[in-house]
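Structure below is query-v8.txt: compact mmCIF, C-alpha atoms.
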```txt
# COMPACT_ATOMS: atom_id res chain seq x y z
CA MET B 148 0.00 0.00 0.00
CA GLU B 149 1.58 3.22 -1.08
CA SER B 150 1.81 6.06 1.39
CA ARG B 151 0.51 9.33 0.32
CA VAL B 152 3.00 12.16 1.01
CA ASN B 153 2.21 15.82 0.42
CA TYR B 154 5.43 16.93 -1.24
CA ALA B 155 4.30 20.52 -1.34
CA LEU B 156 3.89 20.59 2.45
CA VAL B 157 7.27 18.94 2.98
CA GLY B 158 8.94 21.42 0.69
CA ALA B 159 7.34 24.37 2.50
CA PHE B 160 8.47 23.01 5.84
CA VAL B 161 12.06 22.57 4.60
CA LEU B 162 12.12 26.09 3.19
CA LEU B 163 10.77 27.54 6.43
CA LEU B 164 13.30 25.64 8.54
CA GLY B 165 16.20 26.70 6.28
CA SER B 166 15.12 30.33 6.43
CA ALA B 167 14.99 30.18 10.22
CA ALA B 168 18.43 28.62 10.39
CA ILE B 169 19.87 31.27 8.06
CA ALA B 170 18.26 34.05 10.15
CA ILE B 171 19.66 32.65 13.38
CA LEU B 172 23.10 32.31 11.79
CA LEU B 173 23.03 35.90 10.58
CA TRP B 174 21.87 37.08 14.01
CA LEU B 175 24.74 35.27 15.69
CA VAL B 176 27.23 36.68 13.18
CA ALA B 177 25.89 40.16 13.77
CA GLY B 178 26.55 39.77 17.53
CA GLY B 179 23.14 39.06 18.86
CA PRO B 180 20.60 41.74 19.61
CA ARG B 181 21.66 45.27 18.68
CA VAL B 182 22.94 47.40 21.56
CA SER B 183 23.00 51.19 21.64
CA TYR B 184 26.32 52.70 22.73
CA THR B 185 27.41 56.05 24.15
CA HIS B 186 30.81 57.46 23.22
CA TYR B 187 33.33 58.45 25.90
CA LEU B 188 36.89 59.73 25.59
CA VAL B 189 39.89 58.72 27.70
CA TYR B 190 43.26 60.51 27.61
CA THR B 191 46.31 58.75 29.02
CA THR B 192 50.06 59.36 29.05
CA GLU B 193 50.86 55.68 29.43
CA SER B 194 51.92 53.39 26.62
CA VAL B 195 49.01 51.45 25.10
CA ALA B 196 51.25 48.83 23.51
CA GLY B 197 49.39 45.54 23.60
CA LEU B 198 45.96 47.20 23.64
CA PRO B 199 44.22 46.00 20.46
CA ALA B 200 41.39 47.72 18.69
CA ASP B 201 37.99 46.46 19.83
CA ALA B 202 39.57 45.67 23.22
CA PRO B 203 36.87 45.10 25.84
CA VAL B 204 35.86 47.72 28.37
CA ARG B 205 34.96 46.24 31.76
CA TYR B 206 33.24 47.98 34.63
CA HIS B 207 34.12 46.15 37.89
CA GLY B 208 34.82 43.09 35.75
CA VAL B 209 31.58 43.26 33.71
CA LYS B 210 31.95 43.91 29.99
CA VAL B 211 30.09 47.11 29.16
CA GLY B 212 31.64 48.08 25.83
CA TYR B 213 34.75 48.11 23.68
CA VAL B 214 37.50 50.41 22.44
CA SER B 215 36.42 52.04 19.19
CA THR B 216 39.53 53.94 18.13
CA ILE B 217 43.09 54.45 19.40
CA GLY B 218 45.20 57.44 18.40
CA LEU B 219 47.31 60.37 19.55
CA ASP B 220 45.77 63.52 20.95
CA PRO B 221 46.06 66.20 18.24
CA ASP B 222 46.40 68.90 20.89
CA ASN B 223 49.08 67.05 22.90
CA PRO B 224 51.13 64.32 21.21
CA GLN B 225 52.33 63.14 24.65
CA ARG B 226 48.85 61.75 25.31
CA VAL B 227 46.95 58.85 23.74
CA ARG B 228 43.31 59.39 22.81
CA LEU B 229 40.95 56.44 23.31
CA LEU B 230 37.37 56.50 22.11
CA LEU B 231 35.20 54.06 24.04
CA ASN B 232 31.79 52.71 23.08
CA ILE B 233 29.93 51.96 26.29
CA ALA B 234 26.44 50.52 26.43
CA GLN B 235 23.72 52.99 27.20
CA GLY B 236 22.48 52.79 30.77
CA THR B 237 25.94 52.09 32.21
CA PRO B 238 26.30 54.33 35.33
CA ILE B 239 29.37 56.37 34.35
CA LYS B 240 29.90 58.94 37.15
CA GLN B 241 32.24 61.89 37.54
CA ASP B 242 34.48 59.89 39.90
CA THR B 243 34.74 56.96 37.48
CA ARG B 244 38.35 56.20 36.49
CA ALA B 245 39.67 54.28 33.45
CA THR B 246 42.87 52.25 33.77
CA LEU B 247 44.79 49.96 31.47
CA GLN B 248 44.76 46.38 32.77
CA MET B 249 46.17 43.05 31.66
CA GLN B 250 44.03 39.93 31.56
CA GLY B 251 46.22 37.34 33.22
CA ILE B 252 50.01 37.22 32.78
CA THR B 253 50.11 36.81 29.00
CA GLY B 254 46.53 37.89 28.22
CA ILE B 255 45.48 40.89 26.13
CA ASN B 256 45.07 44.32 27.62
CA TYR B 257 41.70 45.91 28.27
CA ILE B 258 40.23 49.05 29.78
CA SER B 259 38.96 48.73 33.34
CA LEU B 260 36.49 51.20 34.83
CA SER B 261 36.30 51.70 38.59
CA GLY B 262 34.73 54.09 41.10
CA GLY B 263 31.26 55.44 40.56
CA ALA B 264 29.91 56.29 44.02
CA ASN B 265 26.15 56.63 44.36
CA SER B 266 26.53 60.21 45.57
CA SER B 267 28.58 61.23 42.53
CA PRO B 268 26.64 62.91 39.68
CA PRO B 269 26.58 61.39 36.19
CA LEU B 270 29.41 62.26 33.81
CA THR B 271 28.40 64.66 31.03
CA ALA B 272 30.26 66.39 28.21
CA THR B 273 31.74 69.80 28.98
CA PRO B 274 30.75 72.73 26.76
CA GLY B 275 32.63 72.67 23.45
CA LYS B 276 33.51 68.96 23.74
CA PRO B 277 31.74 66.31 21.64
CA TYR B 278 31.99 63.49 24.18
CA PRO B 279 32.29 63.15 27.98
CA VAL B 280 35.87 62.56 29.15
CA ILE B 281 36.59 59.82 31.67
CA LYS B 282 39.68 60.60 33.75
CA SER B 283 42.43 58.02 33.54
CA GLY B 284 44.09 56.34 36.52
CA THR B 285 47.50 54.80 37.00
CA SER B 286 47.59 51.24 35.79
CA LEU B 287 49.20 48.36 37.62
CA LEU B 288 51.90 48.17 34.96
CA GLN B 289 52.69 51.86 35.39
CA ARG B 290 52.81 51.52 39.17
CA ALA B 291 55.04 48.47 38.83
CA ASP B 292 57.30 50.38 36.45
CA VAL B 293 57.54 53.31 38.88
CA ILE B 294 58.23 50.94 41.76
CA LEU B 295 60.87 49.06 39.79
CA THR B 296 62.48 52.36 38.79
CA GLN B 297 62.57 53.51 42.41
CA VAL B 298 63.91 50.12 43.49
CA GLY B 299 66.62 50.33 40.85
CA GLU B 300 67.58 53.83 41.98
CA ASN B 301 67.64 52.72 45.61
CA VAL B 302 69.75 49.67 44.76
CA SER B 303 72.15 51.87 42.80
CA SER B 304 72.39 54.36 45.68
CA LEU B 305 72.83 51.50 48.16
CA SER B 306 75.56 50.00 45.99
CA LYS B 307 77.40 53.33 45.90
CA ARG B 308 77.15 53.64 49.67
CA ILE B 309 78.38 50.08 50.16
CA ASN B 310 81.32 50.78 47.87
CA ALA B 311 82.07 53.94 49.85
CA VAL B 312 81.85 52.03 53.15
CA LEU B 313 84.02 49.19 51.86
CA SER B 314 86.78 51.48 50.62
CA THR B 315 90.42 50.62 51.25
CA ASP B 316 90.80 53.12 54.10
CA ASN B 317 87.60 51.96 55.80
CA LEU B 318 88.61 48.31 55.47
CA ARG B 319 91.99 49.13 57.03
CA HIS B 320 90.28 50.99 59.87
CA LEU B 321 87.83 48.11 60.28
CA SER B 322 90.72 45.64 60.51
CA ALA B 323 92.41 47.83 63.13
CA THR B 324 89.14 48.11 65.05
CA LEU B 325 88.67 44.34 64.99
CA ALA B 326 92.25 43.88 66.22
CA HIS B 327 91.63 46.31 69.06
CA LEU B 328 88.36 44.55 69.82
CA ASP B 329 90.21 41.25 69.95
CA THR B 330 92.71 42.78 72.38
CA ILE B 331 89.91 44.17 74.53
CA THR B 332 88.06 40.86 74.63
CA GLY B 333 91.31 39.08 75.56
CA ALA B 334 91.88 41.56 78.38
CA LEU B 335 88.29 41.08 79.55
CA ALA B 336 88.73 37.32 79.52
CA ALA B 337 92.00 37.60 81.46
CA ASN B 338 90.38 39.87 84.08
CA SER B 339 87.07 38.05 84.25
CA SER B 340 87.59 37.22 87.94
CA ARG B 341 88.18 40.87 88.78
CA ILE B 342 85.18 41.88 86.73
CA ASN B 343 83.04 39.34 88.61
CA GLN B 344 84.35 40.67 91.91
CA SER B 345 83.61 44.25 90.82
CA LEU B 346 80.11 43.22 89.80
CA GLN B 347 79.57 41.58 93.18
CA GLU B 348 80.81 44.70 94.95
CA PHE B 349 78.54 46.77 92.76
CA ASP B 350 75.68 44.48 93.74
CA PHE B 351 76.51 45.03 97.42
CA THR B 352 76.63 48.76 96.79
CA LEU B 353 73.21 48.61 95.17
CA ARG B 354 71.87 46.70 98.17
CA ASP B 355 73.29 49.30 100.55
CA LEU B 356 71.81 52.01 98.41
CA ARG B 357 68.45 50.24 98.47
CA ASP B 358 68.63 49.96 102.26
CA SER B 359 69.58 53.63 102.52
CA THR B 360 66.71 54.50 100.25
CA ALA B 361 64.37 52.50 102.46
CA LYS B 362 65.55 54.59 105.46
CA LEU B 363 65.11 57.81 103.55
CA PRO B 364 61.48 58.37 104.69
CA ILE B 365 62.59 58.10 108.34
CA LEU B 366 65.39 60.60 107.72
CA LEU B 367 62.95 62.91 106.00
CA ASP B 368 60.57 62.60 108.95
CA ASN B 369 63.39 63.46 111.36
CA ALA B 370 64.38 66.34 109.15
CA ASN B 371 60.81 67.61 109.21
CA ARG B 372 60.75 67.36 113.00
CA SER B 373 64.07 69.17 113.17
CA ALA B 374 62.68 71.85 110.91
CA VAL B 375 59.73 72.25 113.29
CA LEU B 376 62.09 72.56 116.31
CA LEU B 377 64.47 74.87 114.46
CA PRO B 378 62.59 78.12 115.31
CA THR B 379 62.64 77.24 119.03
CA LEU B 380 66.35 76.44 118.85
CA ILE B 381 67.02 79.73 117.09
CA HIS B 382 65.03 81.60 119.78
CA ASN B 383 67.05 79.88 122.54
CA LEU B 384 70.28 80.74 120.75
CA ASN B 385 69.19 84.36 120.53
CA ARG B 386 68.45 84.40 124.26
CA SER B 387 71.80 82.75 125.03
CA SER B 388 73.51 85.29 122.81
CA LYS B 389 71.84 88.13 124.71
CA ASN B 390 72.87 86.58 128.06
CA PHE B 391 76.41 86.11 126.79
CA ASN B 392 76.52 89.72 125.66
CA SER B 393 75.33 90.85 129.14
CA ALA B 394 77.94 88.65 130.89
CA ALA B 395 80.62 89.97 128.55
CA ALA B 396 79.60 93.51 129.45
CA GLN B 397 79.82 92.70 133.17
CA VAL B 398 83.26 91.11 132.70
CA ASN B 399 84.38 94.12 130.76
CA ALA B 400 83.17 96.43 133.60
CA ALA B 401 84.97 94.27 136.17
CA ALA B 402 88.14 94.44 134.12
CA ILE B 403 87.88 98.22 133.99
CA SER B 404 87.42 98.33 137.81
CA VAL B 405 90.42 96.06 138.33
CA GLN B 406 92.47 98.23 135.98
CA ARG B 407 91.51 101.31 138.01
CA ALA B 408 92.42 99.58 141.35
CA LEU B 409 95.84 98.42 140.15
CA PRO B 410 97.76 101.68 141.12
CA GLN B 411 96.38 101.62 144.66
CA LEU B 412 97.13 97.93 144.90
CA ASP B 413 100.70 98.68 143.78
CA LEU B 414 101.18 101.29 146.55
CA THR B 415 99.76 98.92 149.11
CA MET B 416 102.11 96.20 147.96
CA GLN B 417 105.09 98.62 148.26
CA GLU B 418 104.08 99.59 151.80
CA LEU B 419 103.71 95.95 152.71
CA SER B 420 107.17 95.30 151.25
CA ASN B 421 108.68 98.18 153.30
CA THR B 422 106.97 96.94 156.43
CA ALA B 423 108.26 93.45 155.82
CA THR B 424 111.77 94.82 155.34
CA THR B 425 111.54 96.74 158.61
CA TYR B 426 110.40 93.66 160.50
CA ARG B 427 113.14 91.62 158.93
CA HIS B 428 115.82 94.17 160.14
CA LEU B 429 114.20 94.18 163.57
CA GLY B 430 114.34 90.43 163.72
CA GLU B 431 117.98 90.38 162.72
CA GLN B 432 118.83 92.92 165.48
CA LEU B 433 116.96 90.87 168.05
CA GLN B 434 118.89 87.82 167.03
CA ARG B 435 122.22 89.68 167.42
CA ASN B 436 121.21 91.53 170.58
CA PRO B 437 118.15 90.16 172.40
CA GLY B 438 118.58 92.75 175.08
CA ALA B 439 117.90 95.49 172.70
CA LEU B 440 114.27 94.78 173.29
CA LEU B 441 114.79 95.83 176.97
CA TYR B 442 117.71 98.26 176.84
CA GLY B 443 117.26 99.67 173.44
CA PRO B 444 119.53 99.28 170.58
CA THR B 445 123.33 99.17 171.11
CA PRO B 446 125.09 102.19 169.72
CA VAL B 447 127.21 101.35 166.77
CA LYS B 448 130.96 101.61 167.44
CA PRO B 449 132.85 103.88 165.20
CA GLY B 450 135.07 102.10 162.84
CA PRO B 451 138.78 102.74 162.29
CA GLY B 452 139.52 106.27 161.19
CA GLU B 453 136.16 107.64 162.35
```

Once you've parsed the file, please lay out its structure as structure tokens.
Amino acid sequence: MESRVNYALVGAFVLLLGSAAIAILLWLVAGGPRVSYTHYLVYTTESVAGLPADAPVRYHGVKVGYVSTIGLDPDNPQRVRLLLNIAQGTPIKQDTRATLQMQGITGINYISLSGGANSSPPLTATPGKPYPVIKSGTSLLQRADVILTQVGENVSSLSKRINAVLSTDNLRHLSATLAHLDTITGALAANSSRINQSLQEFDFTLRDLRDSTAKLPILLDNANRSAVLLPTLIHNLNRSSKNFNSAAAQVNAAAISVQRALPQLDLTMQELSNTATTYRHLGEQLQRNPGALLYGPTPVKPGPGE
């Protein structure tokens, strides 16, 4: 039994399926659904070597566009002018920064956008400029280059200083210093017993000092008490001084009186001496002639020739 097939229907179905496949293929080749882009400019003084045309633009890691054109700034050849196509609706703010990044170690370069605080206003074109300008930031490669340059300069400066330190004169002085140090250490080793004894004596001294310091409050208390008694002592000294001055005045008056009585005492002593002489002569006469006391003195006989 022959099957009845509607060739016209089969042909229409094949044509419809082929058309759909061709449409899907063309859509995929065209990049999917069409996206509207907004143009932004970025000026940078860094080298963009390795940044290809149509390089992706990522905002916090999310692809939001691509690099449209790369060229020098006509107004300043020291800068590179990048024109970015960024999908409409992307929140580009005034604090947004564009930096050149590398995808992996050997990957291609791309433009990375960062920043964009909620409080920052949207970025718009300034008067007289066709597109808004996103400020560029320092890339990791640039920072690494600056750091490596500084490290190289520091290493070079350090090398020069090391060469200056390790000069011939310094090495000779260092050798002499080490020799002296060796001599000093030998002397210390030879006198280690004395050093130990000195340290022990120093320890004893510290103990005595600690004991003396412990007695310091008592001494301060005694000093305070002495300070309290000092006015009374000074008053007593003043009174003693006054009494001494009065006694000195009395002694001085007595000395003056004695000085005045000395002439009279001298006359009295002379009279006493004369009286003693008289009594001595009288005694001698009585010894020679005891009867002179009864008969009076014996007349003296005249000597020869009288």

>> Between CA of Gly333 in chain B and CA of Arg319 in chain B, what distance in Å does the model show, to one decimal?
In response: 21.1 Å

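Atom pair CA of Ile233 in chain B / CA of Ala170 in chain B: separated by 26.8 Å.
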
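Our summary of the geometry notes that CA of Met249 in chain B is positioned 27.4 Å from CA of Asn301 in chain B.
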
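Residues in contact with Arg205 in chain B at 8 Å, where only C-alpha atoms are counted and same-chain residues fewer than 5 positions away are skipped, are listed as B:Lys210, B:Val211, B:Gly212, B:Tyr257, B:Ile258, B:Ser259, B:Leu260.
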
>> Can you tell me which residues surround Ala272 in chain B at a distance of at most 10 Å, considering all atoms listed in the file, apart from same-chain residues fewer than 3 positions away, and format the answer as JSON, numbers by chain?
In response: {"B": [187, 188, 275, 276, 277, 278, 279, 280, 281]}

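Among the candidates B:Asn371, B:Gln248, B:Asn317, B:Asn338, the one nearest to Val195 in chain B when counting only C-alpha atoms is B:Gln248.
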